[in-house]
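Text of final27.cif, listed as mmCIF, C-alpha atoms:
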```
data_coords
loop_
_atom_site.label_atom_id
_atom_site.label_comp_id
_atom_site.auth_asym_id
_atom_site.auth_seq_id
_atom_site.Cartn_x
_atom_site.Cartn_y
_atom_site.Cartn_z
CA MET A 27 18.49 -37.96 -33.24
CA LYS A 28 21.60 -37.02 -31.35
CA GLY A 29 25.06 -35.70 -32.05
CA PRO A 30 26.98 -32.43 -32.18
CA ARG A 31 25.62 -31.61 -35.67
CA PHE A 32 22.00 -31.44 -34.50
CA LEU A 33 20.74 -28.46 -32.49
CA ILE A 34 17.23 -27.81 -31.17
CA THR A 35 16.52 -24.23 -30.09
CA SER A 36 14.16 -23.09 -27.33
CA THR A 37 11.65 -22.10 -30.01
CA GLY A 38 11.59 -25.64 -31.40
CA ALA A 39 13.73 -25.11 -34.53
CA LEU A 40 16.04 -27.94 -35.65
CA TYR A 41 19.44 -27.02 -37.07
CA ILE A 42 21.67 -29.48 -38.89
CA LEU A 43 25.28 -28.46 -39.18
CA ASP A 44 27.68 -29.69 -41.87
CA VAL A 45 24.88 -31.43 -43.84
CA GLN A 46 25.74 -34.88 -45.17
CA ASN A 47 24.10 -36.82 -48.03
CA GLU A 48 22.77 -39.35 -45.56
CA ASP A 49 20.76 -36.60 -43.82
CA GLY A 50 18.38 -36.75 -46.76
CA LEU A 51 17.50 -40.37 -46.09
CA TYR A 52 15.36 -39.68 -43.00
CA ASN A 53 11.86 -38.44 -42.22
CA TYR A 54 11.86 -35.61 -39.65
CA ARG A 55 9.07 -35.03 -37.12
CA CYS A 56 8.58 -32.65 -34.21
CA ILE A 57 7.17 -34.19 -31.02
CA THR A 58 5.95 -32.00 -28.12
CA ARG A 59 5.13 -33.02 -24.55
CA HIS A 60 2.88 -30.99 -22.21
CA ARG A 61 4.83 -29.96 -19.12
CA TYR A 62 2.05 -30.71 -16.63
CA THR A 63 -0.29 -33.25 -18.23
CA GLY A 64 2.39 -35.24 -20.05
CA GLU A 65 0.25 -35.25 -23.22
CA THR A 66 2.32 -35.62 -26.45
CA ARG A 67 1.65 -34.42 -29.98
CA GLN A 68 3.45 -35.16 -33.21
CA SER A 69 3.81 -33.05 -36.35
CA ASN A 70 3.68 -34.19 -39.96
CA SER A 71 6.84 -35.67 -41.37
CA ALA A 72 9.30 -33.74 -43.56
CA ARG A 73 12.17 -34.75 -45.84
CA LEU A 74 15.47 -32.99 -46.41
CA PHE A 75 16.74 -32.76 -49.98
CA VAL A 76 20.51 -32.59 -50.09
CA SER A 77 22.17 -31.15 -53.21
CA ASP A 78 25.76 -30.44 -54.14
CA PRO A 79 26.98 -27.06 -52.86
CA ALA A 80 26.99 -24.11 -55.26
CA ASN A 81 28.35 -20.63 -54.69
CA SER A 82 25.56 -18.32 -53.54
CA ALA A 83 24.90 -15.11 -51.61
CA PRO A 84 23.55 -15.40 -48.03
CA SER A 85 19.81 -15.79 -47.52
CA ILE A 86 18.15 -15.49 -44.10
CA LEU A 87 16.55 -18.81 -43.15
CA ASP A 88 15.49 -18.03 -39.58
CA GLY A 89 15.07 -14.67 -37.87
CA PHE A 90 12.63 -12.71 -35.72
CA ASP A 91 10.60 -9.51 -35.91
CA HIS A 92 9.83 -9.05 -32.26
CA ARG A 93 10.72 -10.85 -29.05
CA LYS A 94 9.41 -10.30 -25.52
CA ALA A 95 11.18 -11.49 -22.40
CA MET A 96 10.92 -11.01 -18.65
CA ALA A 97 13.93 -9.55 -16.85
CA GLY A 98 16.14 -12.28 -15.45
CA GLN A 99 15.19 -14.84 -18.08
CA ARG A 100 17.28 -16.27 -20.94
CA VAL A 101 16.33 -15.26 -24.47
CA GLU A 102 17.51 -16.45 -27.87
CA LEU A 103 17.49 -14.12 -30.86
CA PRO A 104 17.59 -16.42 -33.91
CA CYS A 105 19.58 -15.52 -37.00
CA LYS A 106 20.56 -18.27 -39.45
CA ALA A 107 21.40 -17.89 -43.12
CA SER A 108 22.19 -20.17 -46.03
CA GLY A 109 24.90 -19.47 -48.58
CA HIS A 110 28.14 -20.84 -49.93
CA PRO A 111 30.80 -20.38 -48.77
CA ALA A 112 29.39 -20.40 -45.22
CA PRO A 113 28.52 -16.79 -44.34
CA LYS A 114 29.90 -14.76 -41.43
CA TYR A 115 27.76 -12.94 -38.82
CA ARG A 116 27.84 -9.66 -36.96
CA TRP A 117 25.35 -8.25 -34.43
CA LEU A 118 24.46 -4.62 -33.78
CA LYS A 119 22.23 -3.20 -31.04
CA ASP A 120 20.62 0.15 -31.76
CA ASN A 121 23.08 0.50 -34.68
CA VAL A 122 26.08 0.01 -32.39
CA PRO A 123 28.29 -3.08 -32.96
CA TRP A 124 27.75 -5.69 -30.25
CA GLU A 125 30.53 -5.83 -27.68
CA PRO A 126 31.44 -9.17 -26.09
CA ASP A 127 29.83 -9.57 -22.68
CA SER A 128 29.58 -12.44 -20.21
CA ARG A 129 25.79 -12.40 -20.59
CA PHE A 130 25.85 -12.38 -24.41
CA ARG A 131 27.01 -15.29 -26.50
CA GLN A 132 26.89 -15.77 -30.24
CA THR A 133 25.83 -19.33 -31.03
CA VAL A 134 25.35 -21.37 -34.17
CA THR A 135 21.67 -20.43 -34.17
CA GLY A 136 21.86 -16.74 -33.24
CA LEU A 137 22.50 -14.56 -30.18
CA LEU A 138 21.92 -15.94 -26.68
CA ILE A 139 21.35 -13.44 -23.81
CA GLU A 140 21.47 -14.68 -20.22
CA ASP A 141 19.83 -12.91 -17.28
CA THR A 142 18.13 -10.28 -19.41
CA ARG A 143 17.74 -6.73 -18.18
CA PRO A 144 15.41 -3.89 -19.20
CA SER A 145 18.46 -2.13 -20.68
CA ASP A 146 18.78 -5.02 -23.17
CA SER A 147 15.62 -3.79 -24.92
CA GLY A 148 16.17 -2.27 -28.33
CA SER A 149 16.66 -2.90 -32.03
CA TYR A 150 18.96 -5.80 -33.00
CA VAL A 151 20.50 -6.18 -36.47
CA CYS A 152 22.09 -9.42 -37.64
CA GLU A 153 24.42 -8.77 -40.61
CA VAL A 154 25.42 -11.75 -42.77
CA TRP A 155 27.94 -11.83 -45.65
CA ASN A 156 30.21 -13.98 -47.80
CA ASN A 157 32.12 -13.40 -51.05
CA TYR A 158 28.90 -13.36 -53.08
CA GLY A 159 26.73 -10.94 -51.16
CA THR A 160 25.18 -9.74 -47.93
CA ALA A 161 21.90 -10.02 -46.05
CA GLU A 162 20.54 -8.69 -42.80
CA MET A 163 17.78 -9.38 -40.32
CA VAL A 164 16.26 -6.68 -38.04
CA GLY A 165 14.22 -7.46 -34.94
CA ARG A 166 13.22 -5.78 -31.69
CA LEU A 167 13.64 -7.11 -28.18
CA HIS A 168 11.47 -5.84 -25.32
CA VAL A 169 12.54 -6.88 -21.83
CA LYS A 170 9.81 -6.32 -19.27
CA GLN A 171 10.42 -5.95 -15.59
CA PRO A 172 8.55 -8.68 -13.67
CA LEU A 173 5.52 -7.37 -11.86
CA LYS A 174 6.59 -6.85 -8.27
CA ALA A 175 4.86 -5.45 -5.19
CA THR A 176 6.71 -4.27 -2.09
CA ILE A 177 5.04 -3.05 1.11
CA SER A 178 6.81 -0.61 3.38
CA PRO A 179 7.58 -0.44 6.19
CA ARG A 180 8.68 -4.07 6.38
CA LYS A 181 8.10 -4.35 10.14
CA VAL A 182 5.10 -2.76 11.82
CA LYS A 183 4.90 -2.81 15.60
CA SER A 184 2.42 -0.35 17.02
CA SER A 185 -0.18 -0.07 19.74
CA VAL A 186 -3.92 -0.27 20.12
CA GLY A 187 -5.48 3.10 19.30
CA SER A 188 -2.58 4.29 17.16
CA GLN A 189 -2.41 5.09 13.43
CA VAL A 190 -0.79 2.63 11.02
CA SER A 191 0.22 3.62 7.46
CA LEU A 192 1.34 1.17 4.76
CA SER A 193 2.57 1.91 1.24
CA CYS A 194 2.74 -0.54 -1.67
CA SER A 195 5.39 0.15 -4.31
CA VAL A 196 4.83 -1.54 -7.69
CA THR A 197 7.38 -2.09 -10.46
CA GLY A 198 7.06 -3.75 -13.85
CA THR A 199 3.88 -2.06 -15.05
CA GLU A 200 1.69 1.01 -14.91
CA ASP A 201 -2.06 1.43 -14.46
CA GLN A 202 -2.27 -1.76 -12.46
CA GLU A 203 -5.22 -2.88 -10.35
CA LEU A 204 -4.25 -2.81 -6.68
CA SER A 205 -6.18 -4.22 -3.73
CA TRP A 206 -5.50 -4.38 0.01
CA TYR A 207 -6.33 -7.36 2.23
CA ARG A 208 -6.20 -8.02 5.96
CA ASN A 209 -6.01 -11.66 7.01
CA GLY A 210 -7.38 -12.64 3.61
CA GLU A 211 -10.34 -10.23 3.73
CA ILE A 212 -10.46 -7.29 1.31
CA ILE A 213 -10.13 -3.85 2.91
CA ASN A 214 -12.53 -1.10 1.82
CA PRO A 215 -12.38 2.59 2.81
CA GLY A 216 -14.44 3.42 5.90
CA ASN A 217 -14.64 5.67 8.94
CA ASN A 218 -11.16 4.78 10.18
CA VAL A 219 -9.67 3.53 6.89
CA ARG A 220 -8.35 5.66 4.02
CA ILE A 221 -6.91 4.36 0.75
CA THR A 222 -5.10 7.09 -1.19
CA GLY A 223 -2.75 7.52 -4.15
CA VAL A 224 -3.16 7.41 -7.92
CA ASN A 225 -3.23 3.60 -7.85
CA ARG A 226 -4.60 3.15 -4.29
CA GLU A 227 -1.08 2.41 -3.09
CA ASN A 228 -1.39 4.02 0.37
CA LEU A 229 -3.35 2.46 3.24
CA ILE A 230 -3.93 4.65 6.31
CA MET A 231 -5.77 3.29 9.35
CA ASP A 232 -6.67 5.33 12.44
CA GLY A 233 -7.57 4.13 15.91
CA MET A 234 -6.31 0.59 15.47
CA ALA A 235 -8.20 -2.03 17.50
CA LYS A 236 -6.64 -5.22 18.82
CA SER A 237 -8.53 -7.19 16.15
CA ASP A 238 -6.87 -5.10 13.41
CA GLY A 239 -3.54 -6.87 13.89
CA GLY A 240 -2.44 -9.60 11.47
CA ALA A 241 -1.19 -10.09 7.91
CA TYR A 242 -1.70 -7.16 5.52
CA GLN A 243 -1.42 -7.97 1.82
CA CYS A 244 -1.01 -5.78 -1.25
CA PHE A 245 -2.25 -7.65 -4.35
CA VAL A 246 -1.50 -6.29 -7.84
CA ARG A 247 -2.99 -7.40 -11.16
CA LYS A 248 -2.16 -6.37 -14.73
CA ASP A 249 -3.55 -8.38 -17.63
CA LYS A 250 -2.42 -11.98 -16.96
CA MET A 251 0.28 -10.97 -14.48
CA SER A 252 -0.10 -10.68 -10.73
CA ALA A 253 2.12 -10.08 -7.74
CA GLN A 254 1.68 -9.68 -4.01
CA ASP A 255 3.53 -8.78 -0.87
CA TYR A 256 2.57 -8.86 2.79
CA VAL A 257 3.71 -7.61 6.18
CA GLN A 258 2.72 -8.58 9.68
CA VAL A 259 1.18 -5.82 11.77
CA VAL A 260 1.69 -6.45 15.48
CA LEU A 261 -0.43 -4.38 17.86
CA GLU A 262 0.64 -4.17 21.47
CA ASP A 263 -1.43 -2.89 24.33
CA GLY A 264 -0.04 0.64 24.38
CA THR A 265 -2.21 1.73 27.32
CA PRO A 266 -0.08 3.92 29.58
CA LYS A 267 1.47 2.16 32.58
CA ILE A 268 2.85 3.88 35.66
CA ILE A 269 6.35 2.43 36.10
CA SER A 270 7.21 4.43 39.21
CA ALA A 271 5.83 7.52 40.94
CA PHE A 272 5.89 9.70 44.03
CA SER A 273 4.46 8.53 47.33
CA GLU A 274 2.61 10.16 50.23
CA LYS A 275 4.80 12.37 52.38
CA VAL A 276 4.77 15.12 55.00
CA VAL A 277 6.74 18.34 54.42
CA SER A 278 7.17 21.67 56.16
CA PRO A 279 6.35 25.11 54.73
CA GLY A 280 9.18 26.51 52.61
CA GLU A 281 10.61 23.03 51.98
CA PRO A 282 11.14 22.17 48.27
CA VAL A 283 9.12 19.24 46.90
CA SER A 284 9.75 17.21 43.75
CA LEU A 285 7.08 14.80 42.48
CA MET A 286 7.85 12.33 39.68
CA CYS A 287 5.77 10.12 37.38
CA ASN A 288 7.57 7.57 35.15
CA VAL A 289 5.18 6.34 32.46
CA LYS A 290 5.41 3.84 29.61
CA GLY A 291 3.01 3.70 26.65
CA THR A 292 2.69 3.72 22.86
CA PRO A 293 2.34 6.27 21.42
CA LEU A 294 4.18 8.37 23.99
CA PRO A 295 1.68 9.48 26.62
CA THR A 296 0.95 13.08 27.57
CA ILE A 297 1.17 13.69 31.32
CA THR A 298 -0.91 16.30 33.14
CA TRP A 299 -0.88 17.28 36.83
CA THR A 300 -3.72 18.27 39.16
CA LEU A 301 -4.04 19.17 42.84
CA ASP A 302 -7.37 18.19 44.39
CA GLU A 303 -8.70 17.82 40.81
CA ASP A 304 -7.74 21.37 39.80
CA PRO A 305 -5.02 21.79 37.14
CA ILE A 306 -1.63 22.86 38.43
CA VAL A 307 -0.97 26.50 37.54
CA LYS A 308 2.67 26.91 36.55
CA ASP A 309 4.33 29.94 38.14
CA GLY A 310 7.61 30.88 39.79
CA SER A 311 7.12 28.29 42.53
CA HIS A 312 5.48 25.51 40.48
CA ARG A 313 7.39 24.11 37.50
CA ILE A 314 6.61 21.09 35.31
CA SER A 315 9.21 19.41 33.11
CA GLN A 316 9.66 16.06 31.40
CA ILE A 317 12.26 13.89 29.69
CA ILE A 318 12.16 10.87 27.38
CA THR A 319 14.39 8.05 28.61
CA SER A 320 16.50 5.75 26.43
CA GLU A 321 13.89 3.03 27.10
CA GLY A 322 11.21 5.25 25.58
CA ASN A 323 9.50 6.16 28.86
CA VAL A 324 8.12 9.59 29.67
CA VAL A 325 9.28 10.97 33.02
CA SER A 326 7.41 14.06 34.22
CA TYR A 327 8.43 16.19 37.20
CA LEU A 328 6.43 18.65 39.26
CA ASN A 329 8.77 20.83 41.32
CA ILE A 330 7.54 23.15 44.08
CA SER A 331 10.30 25.44 45.27
CA ASN A 332 8.60 27.23 48.19
CA THR A 333 5.91 24.98 49.61
CA GLN A 334 2.93 26.60 51.34
CA VAL A 335 0.11 25.07 53.38
CA ARG A 336 -2.22 25.59 50.42
CA ASP A 337 0.03 23.27 48.38
CA GLY A 338 -1.09 20.31 50.47
CA GLY A 339 -3.64 17.86 49.11
CA VAL A 340 -4.06 14.99 46.67
CA TYR A 341 -1.73 15.28 43.70
CA ARG A 342 -2.58 13.33 40.57
CA CYS A 343 -0.53 12.69 37.46
CA THR A 344 -2.61 11.45 34.51
CA ALA A 345 -1.02 9.69 31.53
CA ASN A 346 -3.05 9.87 28.35
CA ASN A 347 -2.57 8.55 24.80
CA SER A 348 -4.75 7.16 22.03
CA ALA A 349 -4.74 3.73 23.71
CA GLY A 350 -6.10 4.86 27.07
CA VAL A 351 -5.84 6.94 30.23
CA VAL A 352 -4.19 5.98 33.53
CA PRO A 353 -4.16 8.20 36.66
CA TYR A 354 -1.98 7.95 39.74
CA GLN A 355 -2.43 9.92 42.91
CA ALA A 356 -0.98 10.33 46.39
CA ARG A 357 -1.38 12.87 49.18
CA ILE A 358 1.23 15.47 50.06
CA ASN A 359 0.72 16.90 53.57
CA VAL A 360 2.13 20.32 54.40
CA ARG A 361 2.40 21.13 58.12
CA GLY A 362 0.13 23.97 59.20
CA PRO A 363 -3.40 24.76 60.37
CA ALA A 364 -5.90 22.35 58.83
CA SER A 365 -8.79 23.67 56.75
CA ILE A 366 -11.15 22.54 54.01
CA ARG A 367 -11.09 23.81 50.45
CA PRO A 368 -14.38 25.34 49.28
CA MET A 369 -16.84 22.74 47.95
CA LYS A 370 -19.34 23.18 45.13
CA ASN A 371 -22.88 21.79 45.15
CA ILE A 372 -23.32 18.53 43.26
CA THR A 373 -26.00 17.20 40.92
CA ALA A 374 -26.24 13.38 41.04
CA ILE A 375 -28.08 11.03 38.66
CA ALA A 376 -30.53 8.59 40.21
CA GLY A 377 -29.36 4.99 39.95
CA ARG A 378 -25.70 5.90 39.49
CA ASP A 379 -22.76 6.29 41.86
CA THR A 380 -21.61 9.70 43.10
CA TYR A 381 -18.44 10.78 44.88
CA ILE A 382 -18.16 13.79 47.20
CA HIS A 383 -14.64 14.96 48.03
CA CYS A 384 -13.62 16.80 51.18
CA ARG A 385 -10.31 18.45 50.29
CA VAL A 386 -8.33 19.02 53.47
CA ILE A 387 -5.19 21.14 53.56
CA GLY A 388 -2.83 21.54 56.51
CA TYR A 389 -1.34 18.90 58.77
CA PRO A 390 -1.76 17.24 61.15
CA TYR A 391 -5.47 16.60 61.69
CA TYR A 392 -7.11 13.81 63.65
CA SER A 393 -10.03 12.63 61.54
CA ILE A 394 -12.44 13.35 58.67
CA LYS A 395 -16.08 12.45 59.18
CA TRP A 396 -19.22 12.94 57.07
CA TYR A 397 -22.69 13.83 58.31
CA LYS A 398 -26.11 14.12 56.69
CA ASN A 399 -28.73 15.97 58.64
CA SER A 400 -26.50 15.59 61.74
CA ASN A 401 -26.37 11.80 61.25
CA LEU A 402 -22.90 10.25 61.07
CA LEU A 403 -22.25 8.41 57.82
CA PRO A 404 -22.38 5.70 56.79
CA PHE A 405 -25.82 4.66 58.06
CA ASN A 406 -26.64 2.25 55.18
CA HIS A 407 -24.74 -0.19 52.90
CA ARG A 408 -24.74 2.26 49.95
CA GLN A 409 -22.57 4.78 51.77
CA VAL A 410 -18.80 4.44 52.14
CA ALA A 411 -16.64 7.07 53.87
CA PHE A 412 -12.88 6.98 53.17
CA GLU A 413 -11.27 8.71 56.14
CA ASN A 414 -7.79 8.56 54.65
CA ASN A 415 -8.61 10.95 51.77
CA GLY A 416 -11.96 12.49 52.82
CA THR A 417 -14.04 10.95 49.99
CA LEU A 418 -17.67 9.90 50.43
CA LYS A 419 -19.13 7.40 47.97
CA LEU A 420 -22.89 7.11 47.40
CA SER A 421 -23.79 4.00 45.43
CA ASP A 422 -27.01 3.63 43.40
CA VAL A 423 -28.19 7.12 44.34
CA GLN A 424 -31.85 7.44 45.41
CA LYS A 425 -33.61 10.78 45.42
CA GLU A 426 -35.74 10.23 48.54
CA VAL A 427 -32.81 9.12 50.70
CA ASP A 428 -29.69 10.75 49.27
CA GLU A 429 -30.79 14.24 48.26
CA GLY A 430 -29.91 16.91 50.80
CA GLU A 431 -27.04 18.60 52.64
CA TYR A 432 -23.82 16.78 53.51
CA THR A 433 -21.25 18.12 55.97
CA CYS A 434 -17.57 17.26 56.10
CA ASN A 435 -16.13 17.68 59.60
CA VAL A 436 -12.36 17.71 60.21
CA LEU A 437 -11.10 17.27 63.77
CA VAL A 438 -8.10 19.62 63.91
CA GLN A 439 -7.36 19.24 67.64
CA PRO A 440 -9.04 17.12 70.31
CA GLN A 441 -11.46 19.92 71.11
CA LEU A 442 -11.36 21.87 67.82
CA SER A 443 -12.91 21.06 64.44
CA THR A 444 -13.71 22.76 61.14
CA SER A 445 -16.44 21.88 58.64
CA GLN A 446 -17.98 22.68 55.29
CA SER A 447 -21.26 21.64 53.70
CA VAL A 448 -22.36 20.74 50.20
CA HIS A 449 -25.85 20.22 48.79
CA VAL A 450 -26.59 17.17 46.62
CA THR A 451 -29.46 17.39 44.14
CA VAL A 452 -30.66 14.10 42.61
CA LYS A 453 -32.03 14.16 39.07
CA ASP A 454 -33.92 11.37 37.36
CA LEU A 455 -32.08 10.15 34.22
CA PHE A 456 -35.39 9.60 32.38
CA ILE A 457 -36.39 13.23 32.89
CA ARG A 458 -33.00 14.42 31.57
CA ILE A 459 -33.33 12.25 28.45
CA GLN A 460 -36.92 13.37 27.94
CA LYS A 461 -35.93 17.03 28.20
CA THR A 462 -33.16 16.50 25.67
CA GLU A 463 -35.56 14.81 23.27
CA ASN A 464 -38.05 17.68 23.70
CA LEU A 465 -35.34 20.23 22.93
CA ILE A 466 -34.40 18.30 19.78
CA ALA A 467 -38.06 18.14 18.73
CA ILE A 468 -38.46 21.89 19.27
CA ALA A 469 -35.32 22.59 17.25
CA LEU A 470 -36.61 20.43 14.40
CA VAL A 471 -39.95 22.24 14.39
CA LEU A 472 -38.22 25.62 14.32
CA CYS A 473 -35.90 24.46 11.54
CA ASN A 474 -38.76 23.13 9.44
CA GLY A 475 -40.72 26.32 9.99
CA ALA A 476 -37.78 28.39 8.80
CA THR A 477 -37.54 26.47 5.54
CA LYS A 478 -41.18 26.95 4.56
#
```
Would you mind writing the file out in structure tokens?
Amino acid sequence: MKGPRFLITSTGALYILDVQNEDGLYNYRCITRHRYTGETRQSNSARLFVSDPANSAPSILDGFDHRKAMAGQRVELPCKASGHPAPKYRWLKDNVPWEPDSRFRQTVTGLLIEDTRPSDSGSYVCEVWNNYGTAEMVGRLHVKQPLKATISPRKVKSSVGSQVSLSCSVTGTEDQELSWYRNGEIINPGNNVRITGVNRENLIMDGMAKSDGGAYQCFVRKDKMSAQDYVQVVLEDGTPKIISAFSEKVVSPGEPVSLMCNVKGTPLPTITWTLDEDPIVKDGSHRISQIITSEGNVVSYLNISNTQVRDGGVYRCTANNSAGVVPYQARINVRGPASIRPMKNITAIAGRDTYIHCRVIGYPYYSIKWYKNSNLLPFNHRQVAFENNGTLKLSDVQKEVDEGEYTCNVLVQPQLSTSQSVHVTVKDLFIRIQKTENLIAIALVLCNGATK
């Protein structure tokens, strides 16, 4: 059945305009077809009885009480009346006459609204009249915002060991069920994971590991509706890297010295300075400053305005952030009489490696040598003496062989030397653990006794 007189609405109603006598000669059926399966169904037949027109007041044939629509969709509000002469129509929204709009169109079957908005919700009145009377139809339209989830920030590029925070904003409903997923696996709160907010909309993760990178998804459910959004979290190795730094040099007393460490890392590293493993004490002659470059690097400066012999030694800048620690060191020699900084006795653990440092100040000097019981080291494969910086390494320490007194001897002139000694005590790791366990056991006994 085709032609301009026949209209089928989105709700399945059939309208026949300008009814003719011949329209009563047919049987009318409604046939539906399933969108996905293609299955068809057919209604019972109906006949149309056509009579001669008679003057009558309008009577509502088709209307609505309540309509629901999703924002952005098209919706039809039906309003059709019988009566003779043909009645006229007027629409009101919330008791205000409807104003023409490009999205609103009055049709033969009612009011058609394109691209609906939440502001279109309200009470609609369809007024109908002719010379013999009036009628009206009242219905409500509720336009719902589609359920939508949006994660922010949209781009996440961070580093291993850092904190990452994600927030999921939801529109279109309240009291929704919200879940977080990483690479398809649900995320539950734990030691390093916090999920906060009234609707669990905030995800906070501390100490990110390399394996924590990937796709993060916010999944929202409400009744039969669902929505999701995801972002990619990229984790770089943010371990600090020394881009450039100072090098070994020889200076004279009173000469100014400037040492620089240029470091890259995420998050921004903290840089500390030491001299022969002791922290630099800032005073009038020793100043530390830093800048952040346009590339995001941290550049730290150690400035010594009036260098003294005691300022000589191994300087170390250490860059530290949540992703790791990186040290850099080089020796600064200050001309003057050579001597050795005081050394403290050392306790070593059997089976582990131990380092003994001979901190020499002054320059020049001829050599640095280590002795144990007057024997020049090394005298076995586990001993390594680094003459360039005065460090002695003892590998796989053994109590019977390595415990005792070690002497660092610095040859200042061909016939002149200076020395200092340090005592190394070797402890057995098992004994240390056993003592710790005994202390814990004693503490537990005392605690239990106090509660009785």
Give me the residues near range 222-229 of chain A as a PDB file with C-alpha atoms, keeping the file's coordinate frame, where near means some atom within 12 Å (using all atoms listed in the file) and where sequence neighbours in that chain fewer than 3 positions away do not count.
```pdb
ATOM      1  CA  ALA A 175       4.860  -5.450  -5.190  1.00  0.00           C
ATOM      2  CA  THR A 176       6.710  -4.270  -2.090  1.00  0.00           C
ATOM      3  CA  ILE A 177       5.040  -3.050   1.110  1.00  0.00           C
ATOM      4  CA  SER A 178       6.810  -0.610   3.380  1.00  0.00           C
ATOM      5  CA  PRO A 179       7.580  -0.440   6.190  1.00  0.00           C
ATOM      6  CA  GLN A 189      -2.410   5.090  13.430  1.00  0.00           C
ATOM      7  CA  VAL A 190      -0.790   2.630  11.020  1.00  0.00           C
ATOM      8  CA  SER A 191       0.220   3.620   7.460  1.00  0.00           C
ATOM      9  CA  LEU A 192       1.340   1.170   4.760  1.00  0.00           C
ATOM     10  CA  SER A 193       2.570   1.910   1.240  1.00  0.00           C
ATOM     11  CA  CYS A 194       2.740  -0.540  -1.670  1.00  0.00           C
ATOM     12  CA  SER A 195       5.390   0.150  -4.310  1.00  0.00           C
ATOM     13  CA  VAL A 196       4.830  -1.540  -7.690  1.00  0.00           C
ATOM     14  CA  THR A 199       3.880  -2.060 -15.050  1.00  0.00           C
ATOM     15  CA  GLU A 200       1.690   1.010 -14.910  1.00  0.00           C
ATOM     16  CA  ASP A 201      -2.060   1.430 -14.460  1.00  0.00           C
ATOM     17  CA  GLN A 202      -2.270  -1.760 -12.460  1.00  0.00           C
ATOM     18  CA  GLU A 203      -5.220  -2.880 -10.350  1.00  0.00           C
ATOM     19  CA  LEU A 204      -4.250  -2.810  -6.680  1.00  0.00           C
ATOM     20  CA  SER A 205      -6.180  -4.220  -3.730  1.00  0.00           C
ATOM     21  CA  TRP A 206      -5.500  -4.380   0.010  1.00  0.00           C
ATOM     22  CA  TYR A 207      -6.330  -7.360   2.230  1.00  0.00           C
ATOM     23  CA  ARG A 208      -6.200  -8.020   5.960  1.00  0.00           C
ATOM     24  CA  ILE A 213     -10.130  -3.850   2.910  1.00  0.00           C
ATOM     25  CA  ASN A 214     -12.530  -1.100   1.820  1.00  0.00           C
ATOM     26  CA  PRO A 215     -12.380   2.590   2.810  1.00  0.00           C
ATOM     27  CA  GLY A 216     -14.440   3.420   5.900  1.00  0.00           C
ATOM     28  CA  ASN A 218     -11.160   4.780  10.180  1.00  0.00           C
ATOM     29  CA  VAL A 219      -9.670   3.530   6.890  1.00  0.00           C
ATOM     30  CA  ASP A 232      -6.670   5.330  12.440  1.00  0.00           C
ATOM     31  CA  TYR A 242      -1.700  -7.160   5.520  1.00  0.00           C
ATOM     32  CA  GLN A 243      -1.420  -7.970   1.820  1.00  0.00           C
ATOM     33  CA  CYS A 244      -1.010  -5.780  -1.250  1.00  0.00           C
ATOM     34  CA  PHE A 245      -2.250  -7.650  -4.350  1.00  0.00           C
ATOM     35  CA  VAL A 246      -1.500  -6.290  -7.840  1.00  0.00           C
ATOM     36  CA  ARG A 247      -2.990  -7.400 -11.160  1.00  0.00           C
TER      37      ARG A 247
END
```
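Here CA of Tyr389 in chain A is placed at a distance of 14.0 Å from CA of Pro440 in chain A.
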Coordinates of box centre and edge lengths for range 127-132 of chain A, 6 Å on every side, axis-aligned, as JSON:
```
{"center_x": 27.8, "center_y": -12.7, "center_z": -25.2, "size_x": 16.0, "size_y": 18.2, "size_z": 22.0}
```
Which neighbours of range 303-315 of chain A fall inside 6 Å, counting only C-alpha atoms, when residues of the same chain fewer than 6 positions from it are skipped, and could you give them as a list of chain:residue names?
A:Ser326, A:Tyr327, A:Leu328, A:Asn329, A:Ile330, A:Ser331, A:Asn332
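Taken over the whole file, the PyMOL selection byres ((chain A and resi 240) around 7) covers exactly Arg208, Asn209, Asp238, Gly239, Ala241, Tyr242, Gln258, Val259 and Val260 of chain A.
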